[in-house]
Structure formats: structure tokens, C-alpha cells
file upload39.tsv (TSV, C-alpha atoms and all ligand atoms)
chain	number	residue	atom	x	y	z
A	1	MET	CA	-4.87	14.73	-10.41
A	2	ALA	CA	-3.94	17.89	-12.29
A	3	VAL	CA	-1.60	17.46	-15.25
A	4	ALA	CA	0.94	19.73	-13.56
A	5	ASP	CA	1.00	17.46	-10.50
A	6	ARG	CA	1.57	14.36	-12.64
A	7	GLU	CA	4.36	16.15	-14.49
A	8	ARG	CA	5.90	17.04	-11.15
A	9	TRP	CA	5.91	13.35	-10.17
A	10	ASP	CA	7.36	12.40	-13.56
A	11	ALA	CA	10.14	14.91	-13.04
A	12	ARG	CA	10.91	13.55	-9.58
A	13	HIS	CA	11.01	10.00	-10.89
A	14	THR	CA	13.20	11.04	-13.84
A	15	VAL	CA	15.98	12.40	-11.65
A	16	ALA	CA	15.79	9.57	-9.13
A	17	GLY	CA	18.23	6.75	-9.75
A	18	ALA	CA	17.12	3.23	-10.55
A	19	GLY	CA	16.10	1.47	-7.38
A	20	ALA	CA	16.77	-2.06	-6.26
A	21	PRO	CA	14.03	-4.48	-5.21
A	22	ALA	CA	13.28	-3.98	-1.52
A	23	PRO	CA	10.68	-5.10	1.03
A	24	PRO	CA	8.05	-2.65	2.26
A	25	ASP	CA	9.54	-0.42	4.96
A	26	ALA	CA	7.07	-1.69	7.54
A	27	LEU	CA	8.16	-5.29	6.98
A	28	ARG	CA	11.92	-4.81	7.12
A	29	GLY	CA	13.24	-7.24	9.67
A	30	ARG	CA	9.88	-8.95	9.96
A	31	GLU	CA	9.49	-10.38	6.49
A	32	HIS	CA	8.36	-13.62	8.16
A	33	LEU	CA	4.98	-11.93	8.67
A	34	LEU	CA	4.33	-11.90	4.91
A	35	PRO	CA	1.66	-14.21	3.51
A	36	ALA	CA	3.19	-17.22	1.81
A	37	GLY	CA	2.23	-15.93	-1.63
A	38	GLY	CA	-0.76	-15.17	-3.81
A	39	ARG	CA	-1.89	-11.91	-5.34
A	40	ALA	CA	-0.42	-8.59	-4.21
A	41	LEU	CA	-1.31	-4.97	-4.94
A	42	ASP	CA	1.17	-2.10	-4.57
A	43	VAL	CA	-0.74	1.20	-4.43
A	44	ALA	CA	1.16	4.28	-5.68
A	45	CYS	CA	4.11	2.03	-6.38
A	46	GLY	CA	6.54	4.67	-7.57
A	47	ARG	CA	9.53	3.15	-9.35
A	48	GLY	CA	8.40	-0.29	-8.29
A	49	THR	CA	11.10	-1.46	-5.93
A	50	VAL	CA	8.57	-3.04	-3.56
A	51	ALA	CA	6.46	-4.53	-6.36
A	52	ALA	CA	9.57	-6.06	-7.93
A	53	TRP	CA	10.66	-7.49	-4.57
A	54	LEU	CA	7.23	-9.07	-4.08
A	55	ALA	CA	7.26	-10.56	-7.58
A	56	ARG	CA	10.62	-12.13	-6.86
A	57	ARG	CA	9.13	-13.63	-3.69
A	58	GLY	CA	6.56	-15.36	-5.88
A	59	PHE	CA	3.61	-12.98	-5.58
A	60	VAL	CA	1.52	-12.18	-8.64
A	61	VAL	CA	1.70	-8.41	-8.44
A	62	ASP	CA	-0.42	-5.52	-9.67
A	63	ALA	CA	1.25	-2.12	-9.19
A	64	VAL	CA	-0.51	1.20	-9.75
A	65	ASP	CA	0.88	4.69	-10.18
A	66	VAL	CA	-0.01	7.90	-12.02
A	67	SER	CA	3.51	8.44	-13.35
A	68	PRO	CA	4.48	6.76	-16.65
A	69	VAL	CA	8.12	7.51	-15.83
A	70	ALA	CA	7.86	5.62	-12.54
A	71	LEU	CA	6.14	2.67	-14.18
A	72	ALA	CA	8.73	2.48	-16.95
A	73	ALA	CA	11.45	2.28	-14.30
A	74	GLY	CA	9.50	-0.48	-12.57
A	75	ALA	CA	9.03	-2.43	-15.80
A	76	ALA	CA	12.78	-2.26	-16.44
A	77	LEU	CA	13.35	-3.71	-12.97
A	78	GLU	CA	10.81	-6.53	-13.10
A	79	PRO	CA	8.69	-7.29	-16.18
A	80	ARG	CA	6.56	-9.90	-14.41
A	81	VAL	CA	4.61	-7.23	-12.49
A	82	ARG	CA	1.43	-5.89	-14.08
A	83	TRP	CA	2.23	-2.17	-14.17
A	84	ILE	CA	-0.98	-0.13	-14.23
A	85	LEU	CA	-1.12	3.55	-15.13
A	86	ALA	CA	-4.01	5.12	-13.22
A	87	ASP	CA	-4.96	8.19	-11.25
A	88	LEU	CA	-5.94	7.02	-7.77
A	89	ASP	CA	-7.95	10.22	-7.29
A	90	ALA	CA	-10.61	8.24	-9.18
A	91	GLY	CA	-10.31	5.31	-6.79
A	92	LEU	CA	-8.71	1.94	-7.36
A	93	PRO	CA	-8.79	0.95	-11.05
A	94	ALA	CA	-11.67	-1.34	-11.96
A	95	ASP	CA	-9.29	-4.15	-12.88
A	96	CYS	CA	-7.81	-4.11	-9.36
A	97	ALA	CA	-10.87	-5.71	-7.82
A	98	GLY	CA	-8.86	-8.41	-6.05
A	99	PRO	CA	-9.11	-10.42	-3.99
A	100	TYR	CA	-5.56	-9.65	-2.87
A	101	ASP	CA	-3.59	-11.62	-0.30
A	102	LEU	CA	-1.40	-8.57	0.31
A	103	ILE	CA	-1.89	-4.84	-0.22
A	104	VAL	CA	1.04	-2.48	0.26
A	105	CYS	CA	0.79	1.29	0.21
A	106	GLN	CA	3.70	3.33	1.43
A	107	ARG	CA	4.52	7.03	1.32
A	108	PHE	CA	1.15	7.77	-0.25
A	109	ARG	CA	-1.95	8.71	1.71
A	110	ASP	CA	-5.49	9.06	0.48
A	111	PRO	CA	-8.10	8.23	3.14
A	112	ARG	CA	-10.77	8.02	0.42
A	113	LEU	CA	-9.12	4.74	-0.64
A	114	TYR	CA	-9.25	3.09	2.79
A	115	PRO	CA	-12.67	1.41	2.27
A	116	ALA	CA	-11.52	0.14	-1.15
A	117	PHE	CA	-8.45	-1.46	0.43
A	118	THR	CA	-10.66	-3.43	2.81
A	119	ALA	CA	-13.05	-4.35	0.00
A	120	VAL	CA	-10.39	-5.95	-2.21
A	121	LEU	CA	-8.50	-7.81	0.54
A	122	ALA	CA	-8.96	-11.59	0.53
A	123	PRO	CA	-10.08	-13.35	3.73
A	124	GLY	CA	-6.88	-13.67	5.75
A	125	GLY	CA	-5.20	-11.07	3.50
A	126	MET	CA	-2.66	-8.58	4.86
A	127	LEU	CA	-2.62	-4.79	4.60
A	128	VAL	CA	0.72	-2.97	5.01
A	129	LEU	CA	0.47	0.83	5.15
A	130	THR	CA	2.99	3.53	5.88
A	131	VAL	CA	1.90	7.17	5.70
A	132	LEU	CA	3.16	10.51	6.91
A	133	SER	CA	1.73	11.38	10.32
A	134	GLU	CA	1.22	14.55	12.32
A	135	ILE	CA	2.72	12.86	15.36
A	136	ASP	CA	6.10	14.40	16.21
A	137	ASP	CA	5.66	16.62	13.14
A	138	GLU	CA	3.58	19.47	11.75
A	139	PRO	CA	-0.10	18.95	10.89
A	140	GLY	CA	-0.73	19.08	7.16
A	141	PRO	CA	-2.98	17.85	4.39
A	142	PHE	CA	-0.75	14.90	3.53
A	143	ARG	CA	-0.38	13.67	7.12
A	144	ALA	CA	-2.52	11.22	9.05
A	145	VAL	CA	-4.14	12.47	12.24
A	146	PRO	CA	-3.37	10.45	15.39
A	147	GLY	CA	-5.11	7.08	15.33
A	148	GLU	CA	-6.24	7.47	11.72
A	149	LEU	CA	-5.09	4.07	10.47
A	150	ALA	CA	-6.31	2.15	13.52
A	151	ALA	CA	-9.74	3.77	13.24
A	152	ALA	CA	-10.05	3.30	9.48
A	153	PHE	CA	-9.21	-0.39	9.69
A	154	ALA	CA	-10.86	-1.22	13.00
A	155	GLY	CA	-12.49	-4.26	11.39
A	156	LEU	CA	-9.13	-5.89	10.75
A	157	ASP	CA	-6.93	-7.78	13.18
A	158	VAL	CA	-3.94	-5.57	13.98
A	159	VAL	CA	-0.51	-7.19	13.73
A	160	ALA	CA	1.46	-3.97	14.32
A	161	HIS	CA	0.51	-0.31	14.70
A	162	GLU	CA	3.18	2.33	15.20
A	163	GLU	CA	3.02	6.12	15.21
A	164	GLY	CA	5.87	8.55	15.77
A	165	ASP	CA	8.64	10.57	14.15
A	166	GLY	CA	6.20	11.85	11.55
A	167	ALA	CA	5.12	8.44	10.29
A	168	ALA	CA	2.31	5.97	10.94
A	169	THR	CA	2.40	2.29	10.10
A	170	LEU	CA	-0.26	-0.36	10.18
A	171	ILE	CA	0.09	-4.05	9.48
A	172	ALA	CA	-3.26	-5.79	9.74
A	173	VAL	CA	-5.03	-8.87	8.44
A	174	THR	CA	-8.62	-9.59	7.58
A	175	PRO	CA	-10.24	-12.15	9.85
A	176	PRO	CA	-10.40	-15.47	7.99
A	177	ALA	CA	-13.79	-16.22	6.44
A	178	ALA	CA	-15.93	-18.52	8.56
A	179	ALA	CA	-15.81	-22.09	7.26
A	180	PRO	CA	-19.10	-23.28	5.73
A	181	GLY	CA	-21.22	-24.93	8.41
A	182	SER	CA	-19.17	-23.51	11.30
A	183	PRO	CA	-21.22	-22.28	14.31
A	184	PRO	CA	-21.97	-18.54	14.51
A	185	THR	CA	-19.69	-16.44	16.71
A	186	PRO	CA	-21.29	-16.20	20.21
A	187	PRO	CA	-22.32	-12.69	21.33
A	188	ASP	CA	-19.78	-10.74	23.39
A	189	PRO	CA	-21.07	-10.99	27.02
A	190	SER	CA	-19.52	-7.62	28.05
A	201	LIG	C1	6.42	9.35	-2.29
A	201	LIG	S1	6.11	8.35	-3.71
A	201	LIG	C2	6.07	6.72	-2.98
A	201	LIG	C3	6.37	5.66	-4.00
A	201	LIG	C4	6.47	4.24	-3.43
A	201	LIG	N1	5.24	3.80	-2.80
A	201	LIG	C5	7.63	4.13	-2.48
A	201	LIG	O1	7.42	3.87	-1.31
A	201	LIG	O2	8.76	4.32	-2.93
A	201	LIG	C6	4.40	8.65	-4.00
A	201	LIG	C7	3.92	8.03	-5.30
A	201	LIG	O3	2.53	8.27	-5.44
A	201	LIG	C8	2.25	8.51	-6.80
A	201	LIG	N2	0.99	9.26	-6.85
A	201	LIG	C9	0.74	10.47	-6.32
A	201	LIG	N3	-0.53	10.83	-6.54
A	201	LIG	C10	-1.10	9.80	-7.23
A	201	LIG	C11	-2.40	9.57	-7.77
A	201	LIG	N4	-3.39	10.48	-7.65
A	201	LIG	N5	-2.63	8.43	-8.44
A	201	LIG	C12	-1.64	7.48	-8.58
A	201	LIG	N6	-0.40	7.65	-8.09
A	201	LIG	C13	-0.13	8.81	-7.43
A	201	LIG	C14	3.46	9.28	-7.32
A	201	LIG	O4	3.63	9.18	-8.71
A	201	LIG	C15	4.58	8.59	-6.54
A	201	LIG	O5	5.13	7.54	-7.29

call {"tool": "encode", "arguments": {"input": "upload39.tsv", "output": "C-alpha cells"}}
result
Amino acid sequence: MAVADRERWDARHTVAGAGAPAPPDALRGREHLLPAGGRALDVACGRGTVAAWLARRGFVVDAVDVSPVALAAGAALEPRVRWILADLDAGLPADCAGPYDLIVCQRFRDPRLYPAFTAVLAPGGMLVLTVLSEIDDEPGPFRAVPGELAAAFAGLDVVAHEEGDGAATLIAVTPPAAAPGSPPTPPDPS
């Protein structure tokens, strides 16, 4: 990311008020879908309201953002989160190798990261994504094309997939790992 872009994010986070811990948008009203606990990763966490909420639910949380101002706000909210300053243009940081029981990424879209999300999810882990979408809105470089999330994560089991009003949401879980000694999955007869 260019220095000017990071400074622009810092400025936005400076004027924004302190947030309160809050669940991911996609899970509001369906918090029961959350894994019971474990390790969580919040990608492009902003001022950390989601990361803080997860930490208070008992998750061990890593939260990544490029803005030191955002991370400082997050640290003031919840010191138990591991706040990680990194530019996601270079991919997930090396020390975010997982495995994670939950990955949240909302209001940030970088399709180059999609394979990395799958790679660091634990067996049975949950992915919760909300991105801007072209659907019911203008096309643009920051917006997902129709079906983008479903196609990118076709190998996961979809819990919820919604597109409309300029947003796309995916909640999906990795298939559990086969137990040692369990029989191989029979071929699909179709
Ligand atoms: C719209 S905010 C969303 C913040 C948070 N996920 C939320 O839902 O409130 C987008 C965030 O992405 C961060 N960001 C943008 N580009 C980034 C990059 N290349 N690497 C890391 N963080 C980035 C910004 O600093 C900002 O906090």
C-alpha cells in the first residue's frame, strides 16, 4: 500500500469515535452459529470492535490492519487481542499461519487473499466475510462481482450466502478432517 493510502486510513480512524465491541455484521442475530471458541483472525480489523468482541467471547484473537491509529484504538478497547500491524497487499503476515477456528473479514476486499484464508482455516473452522458487491450498485474495483465469494470458496460448506443492496456475505465452514482410519468417501454416482 502506498504511504498516502495508509495516511488516509489513519486520518479516517483518527476522526472516528471509539467503537464498542460488536459481533461481525454477518453474524448479528445468529451468533449461535459461532464456533464455541479457539483461535480467531480478524483481517483488516479497523478499530477492533469485532476483534474485541471475539476476545470477550473467549477467542484467542489475532487482528491485522495497516493503520497504527486503528490498532491503537483497538488496543485501548481490548488488550488481550494480538494487534498486528501489516500491509495485507503482501498477503497474510507470516505469523498468521493459523490454524484458525474463525476468520472474519468485513468491509475489506482483496481476492488475492482468498486462497490464504482457506489455507489457514482449521478443519471445521468458520469463515465470515462481508464485502462490497456490484449487485444493486455500481461496478467498481472494490466491489465483488456476482457469485465471487461462492466461487472462491466452493470447497467450503456454505452456511449462508447473501448478495444484494451493494453487499455480499458468506458464512462457510471447512469440512471436518476425516478421522484416521475412516473409510474413503465413495465416488459421486452422478
Ligand atoms: C472499511 S475499514 C473496515 C474495518 C473493519 N473490518 C470494520 O468492519 O469495521 C477497512 C480497513 O482495512 C484496512 N486496510 C485497507 N487496506 C489495507 C491493507 N493493504 N493492509 C491492511 N489493512 C488495510 C484499513 O486500515 C481499514 O481499517

call {"tool": "residues_around", "arguments": {"input": "upload39.tsv", "residues": "segment 81-91 of chain A", "least_positions_apart": "4", "cutoff": "8 Å", "atoms": "all atoms listed in the file", "output": "VMD selection string"}}
result
chain A and resid 1 44 51 to 52 55 60 to 68 71 74 to 75 112 to 113 116

call {"tool": "closest_residue", "arguments": {"input": "upload39.tsv", "among": "A:Arg6, A:Arg39, A:Arg80, A:Arg28", "to": "Pro99 of chain A", "atoms": "all atoms listed in the file"}}
result
A:Arg39

call {"tool": "closest_residue", "arguments": {"input": "upload39.tsv", "among": "A:Leu27, A:Val145, A:Val104, A:Met126", "to": "ligand LIG 201 (chain A)", "atoms": "only C-alpha atoms and all ligand atoms"}}
result
A:Val104

call {"tool": "closest_residue", "arguments": {"input": "upload39.tsv", "among": "A:Thr49, A:Thr14, A:Thr169, A:Ser133", "to": "ligand LIG 201 (chain A)", "atoms": "all atoms listed in the file"}}
result
A:Thr49

call {"tool": "atom_distance", "arguments": {"input": "upload39.tsv", "atom1": "atom CA of Gly46 of chain A", "atom2": "atom CA of Pro123 of chain A"}}
result
27.0 Å

call {"tool": "atom_distance", "arguments": {"input": "upload39.tsv", "atom1": "atom CA of His32 of chain A", "atom2": "atom CA of Cys105 of chain A"}}
result
18.5 Å

call {"tool": "atom_distance", "arguments": {"input": "upload39.tsv", "atom1": "atom CA of Ala119 of chain A", "atom2": "atom CA of Tyr100 of chain A"}}
result
9.6 Å
